[in-house]
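Visitor: This is the structure I want to talk about, given as structure tokens.
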Amino acid sequence: MARYGMAFDLRRCIGCNACVIGCKQENSLPDGVFFTRTLSEEYGVFPNVNRVYIPTLCNHCEDAPCEKVCPSGATYTREDGIVMVDNDKCIGCNTCAVACPYDQRSVLSKELFEDGLFGEGELTPFEEQGYVRFTPGTVTKCDFCSERVDAGLEPACVVTCPTDARIFGDLDDPDSDVSTLIRERGGRPPLPEKNTRPKVFYVT
Amino acid sequence: MATHQPTIVGDSFAVGYRFQRYWNASMASAFFFGELGAGLFMVSMYYGVVPGMIAGLISTGILKAYFHLAHMGVPANSWRAMMRPDRAWISRGIYAIAIFVAFGVLHVLLEVGGIFGLEFGTVNYALAQTIKTFAVIGALGVLLYHGFLISHSSAISLWSTGLMPVVSIVYALFAGATLTTFLGWNTSVGEVPGTTFSLHSLTLILLVAVAVVLFSLIYAALNGSPGARVSINLLIKGAFARAFLPLVIGVGLALPLLLLLWAPATFLTSLAVAIAVLIGYYTFRVYIFKAGVYDPIMSFAPDP
């Protein structure tokens, strides 16, 4: 069984946010809900200044704190390492959201589905077909586009990235692109001091 | 442009600290009423103040439950919250609340006039003691689980400290002692010689304990991780200081101290102390939630 993970090549990321749009479209995400974000940071002293782009998403941690604190068992980890949320079991207590050190959970408030993208209380056909997968009041997050992965495809953010800055694959396969990149250039997990053992790595 | 360290960035796509926005005033109210009820019940039970015990059970059993349900996204599924006592503090808390309320009600029924035709004195002594013990265990469980629930996760650095369960216990007992004094004014507290003095002393000791734990929490956060420093600076210097310092420290601690030491021991004084402590305690609960921030996921800015 594969153990899926992702690496971000920060030298390649240009901060275009195409991944963010691709994700929102693939998952029909309501207004203000993001499964991935591309953060930016500026640092240095003029004229030696720099800007770096840092993509973020659920890190599908090996030792996922969101799963540990979930009182209803709604958050679980699949055999291939993808951390999932079962809408039918989620009670919307948001404990997982405050337990995630990466702030990668989104609350699906009822208003999001009532107001619609244009805030006029009417859903577009795009929203109507997409929102059936969500349960208002529950918490949701990135699932590495598990339906696409099950069909042998890569997550939407990966195929959308124009610079191949996102590399997805099997971390247990030493010959996979993601393992090779992490091995050769040194993958750095986010906030390692939180001891969550993320399956997402940053390569600089 | 100068080198800068991460700051609070709100919801923008920038690297920095982000406020937790998932637990709001409803959750803070649930914590407040849960802890207050358990603390009030325990102190009232010790001093035999039945109105205090009843108020404690109402606070935890009804008000806490109401605010939890108000907070929950899918209240109809709330029963699922008890599914994981093996790993989730929320599930354990539900069992603690159930034990506390069930045995607490039985204890109060025995105190006020008997149950199933049996009065306190006639019920098997061991049975009465067992009921009382389970009520205390449940109340302790309620007090402890709040602290462990928020200190368990490392996501919010301010909360991730072993002091949180201690804060919950001492603050709840302190508020419970002040309310017991007020609610028991015309009952056993005033009638049994020495009880008033004992309760007054207990309140003063708990006030000092709360102050020590609160300042320990602030000191530990100031000298802790960057995220905890950001949070505590918000509370004592930043955006939340205008509410936190006057209400939690001024009204919640300093004013009760002055009243307890120098005001005449009257019914009105006990009422004023109780109200002041409750204001401070509730403000503390709300602002500890509001000031929680997530650390930046990664930063390339060099250390200053």
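So you can find residues: chains in the structure tokens are A, B, ... in the order shown, residues in each start at 1, and ligands are numbered from 1 in order.
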As JSON, numbers by chain, please: the residues near A:Tyr53 (cut-off 6 Å, only C-alpha atoms, same-chain neighbours under 2 positions excluded).

Guide: {"A": [15, 39, 40]}

Visitor: Find the residues in chain A near chain B: any atom within 6 Å counts, using only C-alpha atoms. Write them as a ChimeraX atom specification.

Guide: /A:39-41,43-46,69,71-72,91-94,99-101,137-138,190

Visitor: Kindly save the residues from that selection, with C-alpha atoms included, as an mmCIF file, in the first residue's frame.

Guide:
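See out_18.cif below for the written result:
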data_model
loop_
_atom_site.group_PDB
_atom_site.id
_atom_site.type_symbol
_atom_site.label_atom_id
_atom_site.label_comp_id
_atom_site.auth_asym_id
_atom_site.auth_seq_id
_atom_site.Cartn_x
_atom_site.Cartn_y
_atom_site.Cartn_z
ATOM 1 C CA LEU A 39 1.325 32.364 1.460
ATOM 2 C CA SER A 40 3.925 35.013 0.737
ATOM 3 C CA GLU A 41 6.650 36.507 2.877
ATOM 4 C CA TYR A 43 12.185 39.824 4.181
ATOM 5 C CA GLY A 44 15.567 41.512 4.033
ATOM 6 C CA VAL A 45 16.840 45.097 3.994
ATOM 7 C CA PHE A 46 16.801 47.192 0.821
ATOM 8 C CA VAL A 69 -8.947 14.912 19.540
ATOM 9 C CA PRO A 71 -14.650 12.896 19.872
ATOM 10 C CA SER A 72 -16.907 11.294 17.273
ATOM 11 C CA ILE A 91 -20.622 17.034 14.951
ATOM 12 C CA GLY A 92 -19.057 20.424 14.196
ATOM 13 C CA CYS A 93 -17.381 20.900 17.587
ATOM 14 C CA ASN A 94 -14.317 22.396 15.821
ATOM 15 C CA ALA A 99 -5.834 21.122 17.398
ATOM 16 C CA CYS A 100 -4.315 21.466 13.909
ATOM 17 C CA PRO A 101 -1.060 23.434 14.268
ATOM 18 C CA GLY A 137 -22.103 22.864 10.158
ATOM 19 C CA THR A 138 -19.316 20.327 9.783
ATOM 20 C CA PRO A 190 6.481 22.378 8.565
#

Visitor: For A:Arg11, list every protein, DNA or RNA residue within 9 Å, evaluated using only C-alpha atoms, and leave out those in the same chain fewer than 5 positions away; present the list as a list in words.

Guide: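 Listing them by chain and then by number gives Val52, Tyr53, Ala165, Val203 and Thr204 of chain A.
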
Visitor: Given the selection you just returned, output its residues as a file containing N, CA and C atoms, formatted as a CSV table (one decimal), in the first residue's frame.

Guide:
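The file below, result01.csv, is the result:
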chain,number,residue,atom,x,y,z
A,52,VAL,N,9.3,35.2,-0.8
A,52,VAL,CA,9.2,33.7,-1.0
A,52,VAL,C,7.7,33.4,-0.9
A,53,TYR,N,7.4,32.4,-1.7
A,53,TYR,CA,6.0,31.9,-1.7
A,53,TYR,C,6.0,30.5,-1.0
A,165,ALA,N,5.8,22.9,-9.2
A,165,ALA,CA,6.4,23.1,-7.9
A,165,ALA,C,5.8,22.2,-6.8
A,203,VAL,N,11.0,22.0,0.0
A,203,VAL,CA,12.4,21.8,-0.5
A,203,VAL,C,12.8,23.2,-1.0
A,204,THR,N,14.0,23.6,-0.5
A,204,THR,CA,14.5,24.9,-0.9
A,204,THR,C,15.7,24.8,-1.8

Visitor: Rounded to one decimal place, report the atom CA of B:Gly224-atom CA of A:Glu193 distance in Å.

Guide: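 Result for atom CA of B:Gly224 versus atom CA of A:Glu193: 13.4 Å, one decimal.
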
Visitor: So how far away is atom CA of A:Cys96 from atom CA of A:Asn195, in Å?

Guide: 16.0 Å

Visitor: Excluding B:Ser168 and any residue of its chain fewer than 5 positions from it, enumerate the residues within 8 Å of it, using only C-alpha atoms, and give them as a ChimeraX atom specification.

Guide: /B:35,143-144,146-147

Visitor: Export C-alpha atoms of the chosen residues as a short mmCIF file (atom, residue, chain, number, x, y, z; two decimals), in the first residue's frame?

Guide:
data_model
loop_
_atom_site.label_atom_id
_atom_site.label_comp_id
_atom_site.auth_asym_id
_atom_site.auth_seq_id
_atom_site.Cartn_x
_atom_site.Cartn_y
_atom_site.Cartn_z
CA GLU B 35 -16.23 24.82 35.60
CA LEU B 143 -12.88 20.66 36.29
CA LEU B 144 -9.93 18.69 34.98
CA HIS B 146 -11.46 21.47 30.43
CA GLY B 147 -7.85 22.13 31.28
#

Visitor: Record the distance separating atom CA of B:Ser44 and atom CA of B:Glu111, expressed in Å with one decimal.

Guide: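 Between these atoms lies a distance of 12.0 Å.
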
Visitor: Please report, as a PyMOL selection string, each residue of stretch 113-191 of chain A to which DSSP assigns strand (DSSP E or B) when run on this structure's backbone.

Guide: chain A and resi 139-140+166-170+188

Visitor: Near A:Cys161, counting only C-alpha atoms, which residues have an atom at most 6 Å away, once you skip same-chain residues fewer than 3 positions from it, shown as a list in words?

Guide: Cys19, Val158 and Asp164 of chain A

Visitor: For the residues selected in the previous step, produce a file with C-alpha atoms as a CSV table (one decimal), in the first residue's frame.

Guide:
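The result, written out as selection-v4.csv:
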chain,number,residue,atom,x,y,z
A,19,CYS,CA,-3.3,25.7,-7.4
A,158,VAL,CA,-0.6,19.3,-8.6
A,164,ASP,CA,5.7,21.7,-11.3
